[in-house]
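**Student:** run08.pdb is the file, holding PDB, C-alpha atoms:
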```
ATOM      1  CA  MET A 234     141.552-105.386 -23.845  1.00  0.00           C
ATOM      2  CA  MET A 235     138.372-107.353 -23.174  1.00  0.00           C
ATOM      3  CA  THR A 236     136.743-109.617 -25.677  1.00  0.00           C
ATOM      4  CA  ASN A 237     133.422-108.491 -27.144  1.00  0.00           C
ATOM      5  CA  PRO A 238     131.114-110.959 -25.324  1.00  0.00           C
ATOM      6  CA  ARG A 239     132.703-110.115 -21.983  1.00  0.00           C
ATOM      7  CA  LYS A 240     132.413-106.418 -22.621  1.00  0.00           C
ATOM      8  CA  LYS A 241     128.777-106.810 -23.621  1.00  0.00           C
ATOM      9  CA  ILE A 242     127.990-108.701 -20.401  1.00  0.00           C
ATOM     10  CA  ILE A 243     129.629-106.020 -18.277  1.00  0.00           C
ATOM     11  CA  LEU A 244     127.863-103.230 -20.148  1.00  0.00           C
ATOM     12  CA  ASN A 245     124.527-105.007 -19.772  1.00  0.00           C
ATOM     13  CA  GLU A 246     125.163-105.249 -16.031  1.00  0.00           C
ATOM     14  CA  ILE A 247     125.970-101.525 -15.853  1.00  0.00           C
ATOM     15  CA  LEU A 248     122.823-100.736 -17.824  1.00  0.00           C
ATOM     16  CA  PHE A 249     120.814-102.967 -15.472  1.00  0.00           C
ATOM     17  CA  TRP A 250     122.274-101.141 -12.451  1.00  0.00           C
ATOM     18  CA  LYS A 251     121.372 -97.808 -14.032  1.00  0.00           C
ATOM     19  CA  GLN A 252     117.802 -98.853 -14.906  1.00  0.00           C
ATOM     20  CA  ASN A 253     117.134-100.252 -11.439  1.00  0.00           C
ATOM     21  CA  LYS A 254     118.899 -97.423  -9.596  1.00  0.00           C
ATOM     22  CA  LEU A 255     121.396 -99.790  -7.957  1.00  0.00           C
ATOM     23  CA  LEU A 256     124.131 -97.193  -8.494  1.00  0.00           C
ATOM     24  CA  PRO A 257     123.826 -93.457  -9.052  1.00  0.00           C
ATOM     25  CA  GLU A 258     123.300 -92.608 -12.725  1.00  0.00           C
ATOM     26  CA  HIS A 259     126.554 -90.658 -13.068  1.00  0.00           C
ATOM     27  CA  TYR A 260     128.551 -93.658 -11.761  1.00  0.00           C
ATOM     28  CA  CYS A 261     126.886 -95.909 -14.319  1.00  0.00           C
ATOM     29  CA  ASP A 262     127.591 -93.397 -17.083  1.00  0.00           C
ATOM     30  CA  PHE A 263     131.231 -93.211 -16.031  1.00  0.00           C
ATOM     31  CA  LEU A 264     131.608 -97.010 -15.945  1.00  0.00           C
ATOM     32  CA  ALA A 265     129.862 -97.361 -19.304  1.00  0.00           C
ATOM     33  CA  ALA A 266     132.133 -94.753 -20.862  1.00  0.00           C
ATOM     34  CA  LEU A 267     135.133 -96.511 -19.373  1.00  0.00           C
ATOM     35  CA  TYR A 268     134.200 -99.922 -20.793  1.00  0.00           C
ATOM     36  CA  THR A 269     133.054 -98.635 -24.180  1.00  0.00           C
ATOM     37  CA  GLU A 270     136.203 -96.504 -24.403  1.00  0.00           C
ATOM     38  CA  GLY A 271     134.117 -93.430 -25.047  1.00  0.00           C
ATOM     39  CA  ALA A 272     131.741 -95.012 -27.577  1.00  0.00           C
ATOM     40  CA  ASP A 273     127.959 -94.865 -27.210  1.00  0.00           C
ATOM     41  CA  ILE A 274     126.250 -97.357 -24.932  1.00  0.00           C
ATOM     42  CA  GLU A 275     122.980 -96.845 -26.808  1.00  0.00           C
ATOM     43  CA  GLU A 276     123.686 -99.802 -29.107  1.00  0.00           C
ATOM     44  CA  LEU A 277     123.048-102.210 -26.243  1.00  0.00           C
ATOM     45  CA  GLU A 278     119.504-103.365 -25.755  1.00  0.00           C
ATOM     46  CA  PRO A 279     118.038-102.481 -22.360  1.00  0.00           C
ATOM     47  CA  VAL A 280     117.887-105.336 -19.900  1.00  0.00           C
ATOM     48  CA  GLN A 281     114.242-106.017 -19.115  1.00  0.00           C
ATOM     49  CA  ASP A 282     114.490-109.221 -17.095  1.00  0.00           C
ATOM     50  CA  PRO A 283     116.606-108.932 -13.932  1.00  0.00           C
ATOM     51  CA  LYS A 284     117.359-112.660 -14.036  1.00  0.00           C
ATOM     52  CA  GLN A 285     118.937-112.215 -17.462  1.00  0.00           C
ATOM     53  CA  ALA A 286     121.418-109.736 -16.050  1.00  0.00           C
ATOM     54  CA  ILE A 287     122.188-111.526 -12.801  1.00  0.00           C
ATOM     55  CA  LEU A 288     122.010-115.240 -13.640  1.00  0.00           C
ATOM     56  CA  PRO A 289     122.950-116.538 -17.055  1.00  0.00           C
ATOM     57  CA  SER A 290     120.813-119.377 -18.334  1.00  0.00           C
ATOM     58  CA  GLU A 291     123.613-121.877 -17.665  1.00  0.00           C
ATOM     59  CA  LYS A 292     123.627-121.080 -13.963  1.00  0.00           C
ATOM     60  CA  ARG A 293     119.859-121.438 -13.812  1.00  0.00           C
ATOM     61  CA  LYS A 294     120.103-124.842 -15.493  1.00  0.00           C
ATOM     62  CA  MET A 295     122.734-125.991 -12.999  1.00  0.00           C
ATOM     63  CA  LEU A 296     120.639-124.708 -10.100  1.00  0.00           C
ATOM     64  CA  LEU A 297     117.635-126.588 -11.457  1.00  0.00           C
ATOM     65  CA  LEU A 298     119.768-129.729 -11.838  1.00  0.00           C
ATOM     66  CA  VAL A 299     121.006-129.527  -8.253  1.00  0.00           C
ATOM     67  CA  ALA A 300     117.523-128.844  -6.890  1.00  0.00           C
ATOM     68  CA  SER A 301     116.112-131.785  -8.867  1.00  0.00           C
ATOM     69  CA  LEU A 302     118.939-134.023  -7.695  1.00  0.00           C
ATOM     70  CA  CYS A 303     118.369-133.051  -4.052  1.00  0.00           C
ATOM     71  CA  ILE A 304     114.635-133.677  -4.324  1.00  0.00           C
ATOM     72  CA  ALA A 305     115.245-137.042  -6.001  1.00  0.00           C
ATOM     73  CA  ILE A 306     117.712-138.077  -3.294  1.00  0.00           C
ATOM     74  CA  ILE A 307     115.325-137.050  -0.520  1.00  0.00           C
ATOM     75  CA  ALA A 308     112.513-139.030  -2.188  1.00  0.00           C
ATOM     76  CA  VAL A 309     114.696-142.126  -2.618  1.00  0.00           C
ATOM     77  CA  LEU A 310     115.892-141.926   0.993  1.00  0.00           C
ATOM     78  CA  ALA A 311     112.327-141.515   2.236  1.00  0.00           C
ATOM     79  CA  ILE A 312     111.299-144.654   0.352  1.00  0.00           C
ATOM     80  CA  TYR A 313     114.525-146.381   1.360  1.00  0.00           C
ATOM     81  CA  PHE A 314     113.878-145.990   5.079  1.00  0.00           C
ATOM     82  CA  THR A 315     110.125-146.644   5.016  1.00  0.00           C
ATOM     83  CA  ILE A 316     109.536-149.604   2.679  1.00  0.00           C
ATOM     84  CA  LYS A 317     111.269-152.719   4.012  1.00  0.00           C
ATOM     85  CA  ALA A 318     110.462-154.899   0.970  1.00  0.00           C
ATOM     86  CA  LEU A 319     112.692-152.824  -1.309  1.00  0.00           C
ATOM     87  CA  THR A 320     115.725-152.714   0.992  1.00  0.00           C
ATOM     88  CA  LEU A 321     118.086-154.771  -1.165  1.00  0.00           C
ATOM     89  CA  ILE A 322     117.139-153.132  -4.467  1.00  0.00           C
ATOM     90  CA  LEU A 323     117.276-149.623  -3.033  1.00  0.00           C
ATOM     91  CA  THR A 324     120.587-150.344  -1.299  1.00  0.00           C
ATOM     92  CA  VAL A 325     122.094-151.164  -4.682  1.00  0.00           C
ATOM     93  CA  VAL A 326     120.475-148.103  -6.281  1.00  0.00           C
ATOM     94  CA  VAL A 327     121.624-145.781  -3.498  1.00  0.00           C
ATOM     95  CA  GLY A 328     125.126-147.308  -3.605  1.00  0.00           C
ATOM     96  CA  ILE A 329     125.389-146.788  -7.363  1.00  0.00           C
ATOM     97  CA  GLY A 330     124.061-143.254  -6.927  1.00  0.00           C
ATOM     98  CA  ALA A 331     126.684-142.526  -4.276  1.00  0.00           C
ATOM     99  CA  CYS A 332     129.458-143.857  -6.537  1.00  0.00           C
ATOM    100  CA  ILE A 333     128.250-141.754  -9.469  1.00  0.00           C
ATOM    101  CA  LEU A 334     128.071-138.653  -7.274  1.00  0.00           C
ATOM    102  CA  PHE A 335     131.572-139.267  -5.880  1.00  0.00           C
ATOM    103  CA  ILE A 336     132.977-139.655  -9.399  1.00  0.00           C
ATOM    104  CA  ALA A 337     131.139-136.553 -10.639  1.00  0.00           C
ATOM    105  CA  ALA A 338     132.291-134.573  -7.592  1.00  0.00           C
ATOM    106  CA  PHE A 339     135.895-135.663  -8.109  1.00  0.00           C
ATOM    107  CA  GLN A 340     135.805-134.640 -11.779  1.00  0.00           C
ATOM    108  CA  MET A 341     134.154-131.317 -10.945  1.00  0.00           C
ATOM    109  CA  ALA A 342     136.660-130.636  -8.178  1.00  0.00           C
ATOM    110  CA  GLN A 343     139.522-131.070 -10.641  1.00  0.00           C
ATOM    111  CA  LYS A 344     137.922-128.433 -12.886  1.00  0.00           C
ATOM    112  CA  LYS A 345     137.291-126.208  -9.835  1.00  0.00           C
ATOM    113  CA  HIS A 346     133.538-126.301 -10.519  1.00  0.00           C
ATOM    114  CA  LEU A 347     131.276-124.690  -7.926  1.00  0.00           C
ATOM    115  CA  LEU A 348     128.951-127.699  -7.696  1.00  0.00           C
ATOM    116  CA  ALA A 349     131.661-130.110  -6.524  1.00  0.00           C
ATOM    117  CA  PRO A 350     130.995-129.513  -2.784  1.00  0.00           C
ATOM    118  CA  ILE A 351     127.280-130.150  -3.257  1.00  0.00           C
ATOM    119  CA  PHE A 352     127.981-133.439  -5.033  1.00  0.00           C
ATOM    120  CA  HIS A 353     130.473-134.400  -2.302  1.00  0.00           C
ATOM    121  CA  LEU A 354     127.882-133.751   0.395  1.00  0.00           C
ATOM    122  CA  LEU A 355     125.108-135.621  -1.409  1.00  0.00           C
ATOM    123  CA  ALA A 356     127.370-138.623  -1.973  1.00  0.00           C
ATOM    124  CA  ALA A 357     128.436-138.602   1.688  1.00  0.00           C
ATOM    125  CA  ILE A 358     124.794-138.488   2.804  1.00  0.00           C
ATOM    126  CA  LEU A 359     123.982-141.455   0.563  1.00  0.00           C
ATOM    127  CA  LEU A 360     126.946-143.440   1.876  1.00  0.00           C
ATOM    128  CA  PHE A 361     125.957-142.655   5.471  1.00  0.00           C
ATOM    129  CA  SER A 362     122.352-143.679   4.797  1.00  0.00           C
ATOM    130  CA  ILE A 363     123.504-147.008   3.335  1.00  0.00           C
ATOM    131  CA  SER A 364     125.588-147.631   6.452  1.00  0.00           C
ATOM    132  CA  ILE A 365     122.671-146.920   8.764  1.00  0.00           C
ATOM    133  CA  ARG A 366     120.218-148.974   6.693  1.00  0.00           C
ATOM    134  CA  VAL A 367     122.542-151.996   6.504  1.00  0.00           C
ATOM    135  CA  CYS A 368     123.102-151.805  10.256  1.00  0.00           C
ATOM    136  CA  THR A 369     119.412-151.527  11.121  1.00  0.00           C
ATOM    137  CA  THR A 370     118.439-154.279   8.661  1.00  0.00           C
ATOM    138  CA  TYR A 371     121.110-156.890   9.300  1.00  0.00           C
ATOM    139  CA  PHE A 372     122.399-155.988  12.763  1.00  0.00           C
ATOM    140  CA  SER A 373     119.220-154.758  14.439  1.00  0.00           C
ATOM    141  CA  GLY A 374     119.817-153.854  18.067  1.00  0.00           C
ATOM    142  CA  ASP A 375     123.605-154.302  17.907  1.00  0.00           C
ATOM    143  CA  ASN A 376     124.907-150.909  19.022  1.00  0.00           C
ATOM    144  CA  ILE A 377     128.558-151.879  18.606  1.00  0.00           C
ATOM    145  CA  VAL A 378     128.112-152.386  14.857  1.00  0.00           C
ATOM    146  CA  LEU A 379     126.220-149.094  14.584  1.00  0.00           C
ATOM    147  CA  PHE A 380     128.943-147.336  16.581  1.00  0.00           C
ATOM    148  CA  CYS A 381     131.650-148.826  14.326  1.00  0.00           C
ATOM    149  CA  LEU A 382     129.817-147.873  11.105  1.00  0.00           C
ATOM    150  CA  ILE A 383     129.274-144.302  12.238  1.00  0.00           C
ATOM    151  CA  ALA A 384     132.921-144.084  13.340  1.00  0.00           C
ATOM    152  CA  ALA A 385     134.007-145.459   9.934  1.00  0.00           C
ATOM    153  CA  ASN A 386     131.915-142.800   8.171  1.00  0.00           C
ATOM    154  CA  CYS A 387     133.427-140.086  10.356  1.00  0.00           C
ATOM    155  CA  LEU A 388     136.931-141.364   9.647  1.00  0.00           C
ATOM    156  CA  ILE A 389     136.198-141.388   5.902  1.00  0.00           C
ATOM    157  CA  TRP A 390     134.930-137.795   6.157  1.00  0.00           C
ATOM    158  CA  LEU A 391     137.998-136.765   8.134  1.00  0.00           C
ATOM    159  CA  TRP A 392     140.384-138.480   5.705  1.00  0.00           C
ATOM    160  CA  SER A 393     138.562-137.001   2.694  1.00  0.00           C
ATOM    161  CA  GLY A 394     138.600-133.552   4.253  1.00  0.00           C
ATOM    162  CA  ILE A 395     142.324-133.692   4.926  1.00  0.00           C
ATOM    163  CA  LYS A 396     143.221-135.334   1.601  1.00  0.00           C
ATOM    164  CA  MET A 397     141.088-133.063  -0.609  1.00  0.00           C
ATOM    165  CA  LYS A 398     141.438-129.998   1.643  1.00  0.00           C
ATOM    166  CA  LEU A 399     137.686-129.773   2.238  1.00  0.00           C
ATOM    167  CA  LEU A 400     137.021-127.989   5.518  1.00  0.00           C
ATOM    168  CA  TYR A 401     133.406-129.117   5.825  1.00  0.00           C
ATOM    169  CA  PHE A 402     134.393-132.807   5.689  1.00  0.00           C
ATOM    170  CA  THR A 403     137.254-132.319   8.139  1.00  0.00           C
ATOM    171  CA  VAL A 404     134.992-130.527  10.611  1.00  0.00           C
ATOM    172  CA  SER A 405     132.199-133.095  10.148  1.00  0.00           C
ATOM    173  CA  GLY A 406     134.603-135.972  10.726  1.00  0.00           C
ATOM    174  CA  VAL A 407     136.123-134.443  13.850  1.00  0.00           C
ATOM    175  CA  LEU A 408     132.751-133.425  15.317  1.00  0.00           C
ATOM    176  CA  GLY A 409     131.263-136.838  14.542  1.00  0.00           C
ATOM    177  CA  LEU A 410     134.156-138.641  16.214  1.00  0.00           C
ATOM    178  CA  LEU A 411     133.980-136.325  19.229  1.00  0.00           C
ATOM    179  CA  ALA A 412     130.232-136.942  19.521  1.00  0.00           C
ATOM    180  CA  LEU A 413     130.772-140.705  19.353  1.00  0.00           C
ATOM    181  CA  ILE A 414     133.528-140.607  21.965  1.00  0.00           C
ATOM    182  CA  GLY A 415     131.365-138.398  24.196  1.00  0.00           C
ATOM    183  CA  TYR A 416     128.410-140.758  23.802  1.00  0.00           C
ATOM    184  CA  TYR A 417     130.626-143.758  24.615  1.00  0.00           C
ATOM    185  CA  ILE A 418     132.048-142.074  27.728  1.00  0.00           C
ATOM    186  CA  ILE A 419     128.584-141.037  28.957  1.00  0.00           C
ATOM    187  CA  ASN A 420     127.282-144.605  28.535  1.00  0.00           C
ATOM    188  CA  LEU A 421     130.220-146.005  30.516  1.00  0.00           C
ATOM    189  CA  LEU A 422     129.328-143.885  33.544  1.00  0.00           C
TER     190      LEU A 422
END
```
Take the structure I supplied and represent it as C-alpha cells, if you would.

**Tutor:**
Amino acid sequence: MMTNPRKKIILNEILFWKQNKLLPEHYCDFLAALYTEGADIEELEPVQDPKQAILPSEKRKMLLLVASLCIAIIAVLAIYFTIKALTLILTVVVGIGACILFIAAFQMAQKKHLLAPIFHLLAAILLFSISIRVCTTYFSGDNIVLFCLIAANCLIWLWSGIKMKLLYFTVSGVLGLLALIGYYIINLL
C-alpha cells in the first residue's frame, strides 16, 4: 500500500489530468477510485497551477541552479578568453571550478542523481577551456602542443566514459581522437 504523501501526489496528478482534459473523465474517475480505494476524491484541493502538478518545487530549484551555473560558466569563459590581463587569476578560478564540478558530479553519480551528467559536462568543458587557454597563452603558434593537449583531453574523456560507463564521454573521446587523426593525416598530404 502506498504512503499518504505519495498517494496524494498521484491523486493530484489524476485531478490535474481531469481538469485539463488530458485523459477522458471516466478514465480519471476510474484511476482516482483505484488509488483512493473507493473513497471520495473530493477531499483533495483542485490543482490550479500546472507547474505545481508537473514539477515539484525541488525540481524547479535544481533547474534554476543548473541554469544559473551554466550562465555563470559561460560568462567566466567569455571573460577568460577575451581579457588577457586576468589570464592567470581566471585560470586558477576556472581550474578550481572544474575540480569542484568533478567532485560534485562524482558524488551525484554515486547517488544516481539526474544532474550528474550536466556537472560532468560542465567540468569537462572547463578543463578543455583551461587546456586551450594555457596553450594559446604560453605556447602560441605551436600546433604540436595544441594537438597533444586536445588529444590528452580526448583520452581523458574516453577513459572517463569507459571507467564510469558514460556513453557521451566515450563517444566524445573517440570522435575527438578520430578528428585529430583525420586532421593530422590531411595535413601530411

**Student:** Which one is closest to Leu323 of chain A: A:Val367, A:Met295, A:Ile418, A:Leu348? Count only C-alpha atoms.

**Tutor:** A:Val367

**Student:** Quick one, how far is atom CA of Ile358 of chain A from atom CA of Ser301 of chain A?

**Tutor:**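 Taking atom CA of Ile358 of chain A as the start and atom CA of Ser301 of chain A as the end point, the length is 16.0 Å.
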
**Student:** Please measure the separation of atom CA of Trp390 of chain A and atom CA of Leu297 of chain A, giving the value in Å to one decimal.

**Tutor:**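 Taking atom CA of Trp390 of chain A and atom CA of Leu297 of chain A, their separation equals 27.1 Å.
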
**Student:** Just checking: using all atoms listed in the file, which residue out of A:Ile419, A:Ile351, A:Ala384, A:Gly394 ends up closest to Leu298 of chain A?

**Tutor:**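 Result for the nearest residue to Leu298 of chain A: A:Ile351.
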
**Student:** Expressed in Å to a single decimal, how great is the separation between atom CA of Phe402 of chain A and atom CA of Phe314 of chain A?

**Tutor:** 24.4 Å

**Student:** Using all atoms listed in the file, which residue out of A:Lys241, A:Lys292, A:Arg366, A:Lys344 lies closest to Ile383 of chain A?

**Tutor:**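 Ranked by minimum distance to Ile383 of chain A, first place goes to A:Arg366.
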
**Student:** Enumerate, as a count of residues only, the protein, DNA and RNA residues whose atoms approach (113.6, -159.2, 7.8) to within 10 Å, taking into account only C-alpha atoms and the coordinate frame of the file.

**Tutor:** 6

**Student:** In terms of the shortest atom-to-atom distance over all atoms listed in the file, which of A:Ile304, A:Leu359, A:Leu310, A:Lys254 is closest to Ile333 of chain A?

**Tutor:**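 Checking each of A:Ile304, A:Leu359, A:Leu310, A:Lys254 against Ile333 of chain A, counting all atoms listed in the file, the winner is A:Leu359.
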
**Student:** Show which residues sit within 12 Å of Pro350 of chain A, as a list in words. Count all atoms listed in the file, and ignore same-chain residues fewer than 5 positions away.

**Tutor:** Val299, Leu334, Phe335, Ala337, Ala338, Phe339, Gln340, Met341, Ala342, Gln343, Lys345, Leu355, Ala356, Ala357, Ser393, Gly394, Met397, Lys398, Leu399, Leu400, Tyr401 and Phe402 of chain A

**Student:** What's around Ile243 of chain A at 9 Å? Count all atoms listed in the file, leave out sequence neighbours fewer than 5 positions away in its own chain, and write the answer as a compact mmCIF listing (two decimals) with C-alpha atoms, in the coordinates of the input.

**Tutor:**
```
# COMPACT_ATOMS: atom_id res chain seq x y z
CA PRO A 238 131.11 -110.96 -25.32
CA LEU A 248 122.82 -100.74 -17.82
CA ALA A 265 129.86 -97.36 -19.30
CA TYR A 268 134.20 -99.92 -20.79
```

**Student:** Go ahead and fit an axis-aligned box to every listed atom of segment 363-371 of chain A plus 3 Å each side, and pass me the centre and edge lengths in Å, one decimal, as JSON.

**Tutor:**
```
{"center_x": 122.0, "center_y": -151.9, "center_z": 7.2, "size_x": 13.1, "size_y": 16.0, "size_z": 13.8}
```
